[in-house]
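Colleague: The structure that follows is given in the form of structure tokens.
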Amino acid sequence: MLEATAITVSYGRHQVLDGVSLTVAPGETLGLAGPSGCGKSTLARVLALLQRPSGGTLTVDGQPISRWRHRARQRTSIGLIFQQPRLAVDPRFTLLDVIAEPLRAARRPLDRAHELAEEMGLTGELFTRRPHEVSDGQLQRACVARALALEPRYLVCDEMTTMLDASTQAHLVTRIEAYRERTGAGVLAVSHDAELLDRWAGGNVRTWRHRPDVVVNGSGGRPEGTSRDVSDRRIATRPNAEG
Ligand SMILES: Nc1ncnc2c1ncn2[C@@H]1O[C@H](COP(=O)(O)OP(=O)(O)OP(=O)(O)O)[C@@H](O)[C@H]1O
């Protein structure tokens, strides 16, 4: 399980997350919907162990992240795919370099990068192109391949398909779902697009009703599930400015 409990995050005096709890189980796809600015990306970064929360606990497969500086091993078991691939890659890298980056860091055979590229539908001539020489969709395919390279136990997809056309969107979701089915990984799909998430996660969606850019503290808020019981304790957000 990837478990976040009572997470709080503040940027200066702006409290963005106030006691958020969320669990992603192995083998499940969980959707997290919510309006722009409510804190989805912040929560995604916290779950991927990229951003340290100011409060709360994180546990990966039963192991609590007690010392943030020593989280490297658990970090590699969580893949993160960002919304904007151009901000997520080194512009000097070729697509093959992008995909090989985690393999190189983990001292794994680099041949695997070719296979991953091909699995994502990236053909030979694209291997040596740099980010400015490919489309957003092609670059995002490389980022998905990079996220899968070390076979993570969990994948956090933060608005992964927002900028892409419908067919590229469908292709990427299909690849992620095939990976989940093959490996039993848990997938958290984050988006403002509740319909997409409902299709992707088969209705296993939590909707975060939290007005953006409002500092709220505490009372009365709860998320709504589109298709499941919202009292399910896997996500409980205290803040809700809509009452
Ligand atoms: N590094 C930061 N420093 C200060 N404020 C930040 C920072 N990152 C995010 N914020 C603020 O925190 C709030 C939540 O941002 P976040 O990106 O997590 O929301 P989001 O729900 O993912 O939005 P979107 O769907 O538009 O990406 C916003 O008000 C944002 O301006």
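If you're wondering about the labels, chains in the structure tokens are A, B, ... by order shown, residues count from 1 in each chain, ligands from 1 in order shown.
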Could you please extract the residues within 9 Å of ligand 1, counting only C-alpha atoms and all ligand atoms, and hand them back as a short mmCIF file (atom, residue, chain, number, x, y, z; two decimals) with N, CA and C atoms, in the first residue's frame?

Modeller:
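File pocket.cif, as written:
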data_model
loop_
_atom_site.label_atom_id
_atom_site.label_comp_id
_atom_site.auth_asym_id
_atom_site.auth_seq_id
_atom_site.Cartn_x
_atom_site.Cartn_y
_atom_site.Cartn_z
N VAL A 9 0.40 20.49 4.09
CA VAL A 9 1.45 21.22 3.35
C VAL A 9 1.05 22.69 3.33
N SER A 10 2.01 23.53 3.65
CA SER A 10 1.79 24.98 3.57
C SER A 10 2.87 25.58 2.69
N TYR A 11 2.48 26.59 1.92
CA TYR A 11 3.45 27.41 1.21
C TYR A 11 3.41 28.77 1.90
N GLY A 12 4.40 29.05 2.71
CA GLY A 12 4.33 30.26 3.53
C GLY A 12 3.13 30.15 4.45
N HIS A 14 0.06 30.02 3.34
CA HIS A 14 -1.04 29.42 2.59
C HIS A 14 -1.06 27.91 2.83
N GLN A 15 -2.03 27.47 3.60
CA GLN A 15 -2.13 26.03 3.86
C GLN A 15 -2.91 25.38 2.73
N VAL A 16 -2.22 24.54 1.97
CA VAL A 16 -2.83 23.92 0.78
C VAL A 16 -3.45 22.57 1.13
N LEU A 17 -2.74 21.77 1.90
CA LEU A 17 -3.29 20.48 2.34
C LEU A 17 -3.43 20.52 3.85
N ALA A 33 -9.91 13.47 -8.53
CA ALA A 33 -10.36 14.62 -9.31
C ALA A 33 -10.46 15.84 -8.41
N GLY A 34 -10.37 17.01 -9.01
CA GLY A 34 -10.53 18.23 -8.23
C GLY A 34 -10.22 19.43 -9.09
N PRO A 35 -10.73 20.59 -8.73
CA PRO A 35 -10.52 21.79 -9.55
C PRO A 35 -9.09 22.29 -9.49
N SER A 36 -8.76 23.11 -10.47
CA SER A 36 -7.42 23.67 -10.53
C SER A 36 -7.09 24.44 -9.26
N GLY A 37 -5.93 24.19 -8.72
CA GLY A 37 -5.47 24.94 -7.55
C GLY A 37 -5.84 24.33 -6.22
N CYS A 38 -6.56 23.21 -6.21
CA CYS A 38 -7.00 22.66 -4.92
C CYS A 38 -5.88 21.90 -4.20
N GLY A 39 -4.80 21.60 -4.92
CA GLY A 39 -3.67 20.94 -4.24
C GLY A 39 -3.36 19.55 -4.75
N LYS A 40 -3.92 19.19 -5.90
CA LYS A 40 -3.71 17.83 -6.43
C LYS A 40 -2.23 17.56 -6.72
N SER A 41 -1.59 18.52 -7.41
CA SER A 41 -0.17 18.29 -7.77
C SER A 41 0.69 18.26 -6.53
N THR A 42 0.36 19.08 -5.56
CA THR A 42 1.11 19.06 -4.30
C THR A 42 1.00 17.69 -3.66
N LEU A 43 -0.22 17.16 -3.61
CA LEU A 43 -0.40 15.83 -3.01
C LEU A 43 0.32 14.76 -3.84
N ALA A 44 0.28 14.90 -5.18
CA ALA A 44 0.97 13.93 -6.05
C ALA A 44 2.46 13.93 -5.75
N ARG A 45 3.05 15.12 -5.61
CA ARG A 45 4.50 15.19 -5.32
C ARG A 45 4.82 14.60 -3.96
N GLN A 83 2.45 16.56 -15.76
CA GLN A 83 1.55 17.12 -16.75
C GLN A 83 2.30 17.66 -17.98
N ASP A 158 0.09 12.63 -12.83
CA ASP A 158 -0.47 13.94 -12.51
C ASP A 158 -0.86 14.67 -13.79
N GLU A 159 -2.16 14.68 -14.10
CA GLU A 159 -2.66 15.33 -15.32
C GLU A 159 -1.84 14.88 -16.53
N VAL A 190 -4.43 11.44 -11.41
CA VAL A 190 -4.87 12.74 -10.89
C VAL A 190 -5.30 13.62 -12.06
N SER A 191 -6.47 14.24 -11.97
CA SER A 191 -6.91 15.11 -13.06
C SER A 191 -8.05 16.01 -12.61
N HIS A 192 -8.22 17.12 -13.33
CA HIS A 192 -9.41 17.93 -13.10
C HIS A 192 -10.58 17.36 -13.89
N PRO A 212 -10.53 26.45 -5.29
CA PRO A 212 -9.12 26.77 -5.43
C PRO A 212 -8.76 28.12 -4.81
N ASP A 213 -7.51 28.21 -4.42
CA ASP A 213 -6.92 29.46 -3.95
C ASP A 213 -7.66 30.08 -2.78
N VAL A 214 -8.25 29.24 -1.97
CA VAL A 214 -8.89 29.73 -0.75
C VAL A 214 -8.21 29.05 0.42
N VAL A 215 -7.81 29.81 1.37
CA VAL A 215 -7.19 29.21 2.55
C VAL A 215 -8.31 28.78 3.48
#

Colleague: I'd like the contact shell of Leu80 in chain A - 12 Å cut-off, only C-alpha atoms, skipping same-chain residues fewer than 5 positions apart - returned as a PyMOL selection string.

Modeller: chain A and resi 41+43-50+75+85+88+140+143-160+176+187-190

Colleague: Please list as an MDAnalysis selection string every residue within 12 Å of Pro64 in chain A, counting only C-alpha atoms and excluding residues in the same chain fewer than 6 positions away.

Modeller: chainID A and resid 1:5 49 56:58 70:71 74

Colleague: Excluding range 113-123 of chain A and any residue of its chain fewer than 5 positions from it, enumerate the residues within 12 Å of it, using only C-alpha atoms, and give them as a PyMOL selection string.

Modeller: chain A and resi 94-104+108+128-129+134-135+137-151+168+171-176+178-179

Colleague: How would the residues just picked look written out with C-alpha atoms as a short mmCIF file (atom, residue, chain, number, x, y, z; two decimals), in the first residue's frame?

Modeller:
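So the final result, stored in out23.cif, reads:
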data_model
loop_
_atom_site.label_atom_id
_atom_site.label_comp_id
_atom_site.auth_asym_id
_atom_site.auth_seq_id
_atom_site.Cartn_x
_atom_site.Cartn_y
_atom_site.Cartn_z
CA THR A 94 17.63 12.48 -26.79
CA LEU A 95 14.43 10.51 -26.19
CA LEU A 96 16.52 7.43 -25.57
CA ASP A 97 18.58 9.35 -22.98
CA VAL A 98 15.33 10.42 -21.29
CA ILE A 99 14.14 6.82 -21.04
CA ALA A 100 17.55 5.51 -19.99
CA GLU A 101 18.02 8.10 -17.21
CA PRO A 102 16.68 5.96 -14.31
CA LEU A 103 18.35 2.83 -15.69
CA ARG A 104 21.69 4.60 -15.75
CA ARG A 108 20.86 -1.35 -14.90
CA THR A 128 17.94 10.24 -31.32
CA ARG A 129 15.68 13.29 -31.48
CA VAL A 134 9.24 15.84 -31.21
CA SER A 135 5.59 16.45 -30.43
CA GLY A 137 2.60 13.33 -27.30
CA GLN A 138 5.87 11.71 -28.38
CA LEU A 139 7.70 13.35 -25.51
CA GLN A 140 5.07 12.26 -23.00
CA ARG A 141 5.39 8.67 -24.32
CA ALA A 142 9.09 8.87 -23.52
CA CYS A 143 8.27 10.18 -20.03
CA VAL A 144 5.86 7.29 -19.45
CA ALA A 145 8.55 4.85 -20.60
CA ARG A 146 11.00 6.54 -18.21
CA ALA A 147 8.53 6.22 -15.33
CA LEU A 148 8.12 2.49 -16.05
CA ALA A 149 11.83 1.76 -16.52
CA LEU A 150 12.51 0.56 -12.98
CA GLU A 151 9.16 -1.26 -12.73
CA THR A 168 -2.60 9.75 -27.64
CA HIS A 171 -2.80 5.07 -25.95
CA LEU A 172 -1.04 6.24 -22.78
CA VAL A 173 -3.87 5.16 -20.50
CA THR A 174 -3.93 1.75 -22.20
CA ARG A 175 -0.18 1.33 -21.70
CA ILE A 176 -0.41 2.28 -18.02
CA ALA A 178 -1.46 -2.92 -19.25
CA TYR A 179 1.51 -2.28 -16.97
#

Colleague: From the options A:Gln63, A:Val205, A:Ala105, A:Gly186, which residue's atoms come nearest to Ile78 in chain A, counting only C-alpha atoms?

Modeller: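 With only C-alpha atoms as the atom set, the closest residue is A:Gly186.
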
Colleague: Name the closest residue to Arg182 in chain A among the candidates A:Ile7, A:Val20, A:Pro26, A:Asp165; distances are taken between atoms, counting only C-alpha atoms.

Modeller: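 Answer, going by the shortest atom-to-atom distance: A:Pro26.
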
Colleague: By how many Å are CA of Glu133 in chain A and CA of Leu110 in chain A apart?

Modeller: 22.6 Å

Colleague: Please return as number ranges by chain: the residues of range 17-218 of chain A that backbone DSSP assigns to strand (DSSP E or B).

Modeller: A: 17-24, 29-33, 55-60, 63-64, 78-81, 154-158, 186-191, 205-207

Colleague: Write the selection just made, keeping C-alpha atoms, as a PDB file, in the first residue's frame?

Modeller:
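Generated output (result07.pdb):
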ATOM      1  CA  LEU A  17      -3.289  20.480   2.336  1.00  0.00           C
ATOM      2  CA  ASP A  18      -4.887  20.240   5.743  1.00  0.00           C
ATOM      3  CA  GLY A  19      -5.082  16.690   7.005  1.00  0.00           C
ATOM      4  CA  VAL A  20      -5.445  14.751   3.743  1.00  0.00           C
ATOM      5  CA  SER A  21      -5.402  10.960   3.865  1.00  0.00           C
ATOM      6  CA  LEU A  22      -5.227   8.707   0.830  1.00  0.00           C
ATOM      7  CA  THR A  23      -4.335   5.081   0.189  1.00  0.00           C
ATOM      8  CA  VAL A  24      -3.436   3.453  -3.118  1.00  0.00           C
ATOM      9  CA  THR A  29      -6.336   2.383 -10.260  1.00  0.00           C
ATOM     10  CA  LEU A  30      -7.602   5.195  -8.089  1.00  0.00           C
ATOM     11  CA  GLY A  31      -8.696   8.488  -9.647  1.00  0.00           C
ATOM     12  CA  LEU A  32      -8.355  11.776  -7.808  1.00  0.00           C
ATOM     13  CA  ALA A  33     -10.356  14.624  -9.313  1.00  0.00           C
ATOM     14  CA  GLY A  55       2.888  17.155   8.775  1.00  0.00           C
ATOM     15  CA  GLY A  56       1.423  13.679   8.518  1.00  0.00           C
ATOM     16  CA  THR A  57       2.891  10.280   7.729  1.00  0.00           C
ATOM     17  CA  LEU A  58       3.801   8.396   4.570  1.00  0.00           C
ATOM     18  CA  THR A  59       4.131   4.635   4.339  1.00  0.00           C
ATOM     19  CA  VAL A  60       5.241   2.564   1.360  1.00  0.00           C
ATOM     20  CA  GLN A  63       7.562   0.927   5.659  1.00  0.00           C
ATOM     21  CA  PRO A  64       7.100   4.373   7.164  1.00  0.00           C
ATOM     22  CA  ILE A  78       7.110   5.100  -7.070  1.00  0.00           C
ATOM     23  CA  GLY A  79       7.006   6.428 -10.630  1.00  0.00           C
ATOM     24  CA  LEU A  80       5.727   9.940 -11.320  1.00  0.00           C
ATOM     25  CA  ILE A  81       4.459  11.255 -14.633  1.00  0.00           C
ATOM     26  CA  TYR A 154       3.145   2.531  -7.717  1.00  0.00           C
ATOM     27  CA  LEU A 155       2.574   5.088 -10.435  1.00  0.00           C
ATOM     28  CA  VAL A 156       1.384   8.621  -9.818  1.00  0.00           C
ATOM     29  CA  CYS A 157       0.051  10.207 -13.024  1.00  0.00           C
ATOM     30  CA  ASP A 158      -0.475  13.938 -12.511  1.00  0.00           C
ATOM     31  CA  GLY A 186      -1.060   0.574  -7.896  1.00  0.00           C
ATOM     32  CA  VAL A 187      -1.943   3.617 -10.025  1.00  0.00           C
ATOM     33  CA  LEU A 188      -3.078   7.046  -8.830  1.00  0.00           C
ATOM     34  CA  ALA A 189      -4.510   9.045 -11.724  1.00  0.00           C
ATOM     35  CA  VAL A 190      -4.875  12.739 -10.894  1.00  0.00           C
ATOM     36  CA  SER A 191      -6.909  15.106 -13.064  1.00  0.00           C
ATOM     37  CA  VAL A 205     -12.660   8.055  -8.187  1.00  0.00           C
ATOM     38  CA  ARG A 206     -12.451  10.475  -5.289  1.00  0.00           C
ATOM     39  CA  THR A 207     -13.543  13.990  -6.079  1.00  0.00           C
TER      40      THR A 207
END

Colleague: Could you write out, as a list in words, all the residues of range 27-85 of chain A that DSSP marks as helix (DSSP H, G or I)?

Modeller: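 The helix (DSSP H, G or I) subset of range 27-85 of chain A is Lys40, Ser41, Thr42, Leu43, Ala44, Arg45, Val46, Leu47, Trp68, Arg69, His70, Ala72, Arg73, Gln74, Arg75 and Pro85 of chain A.
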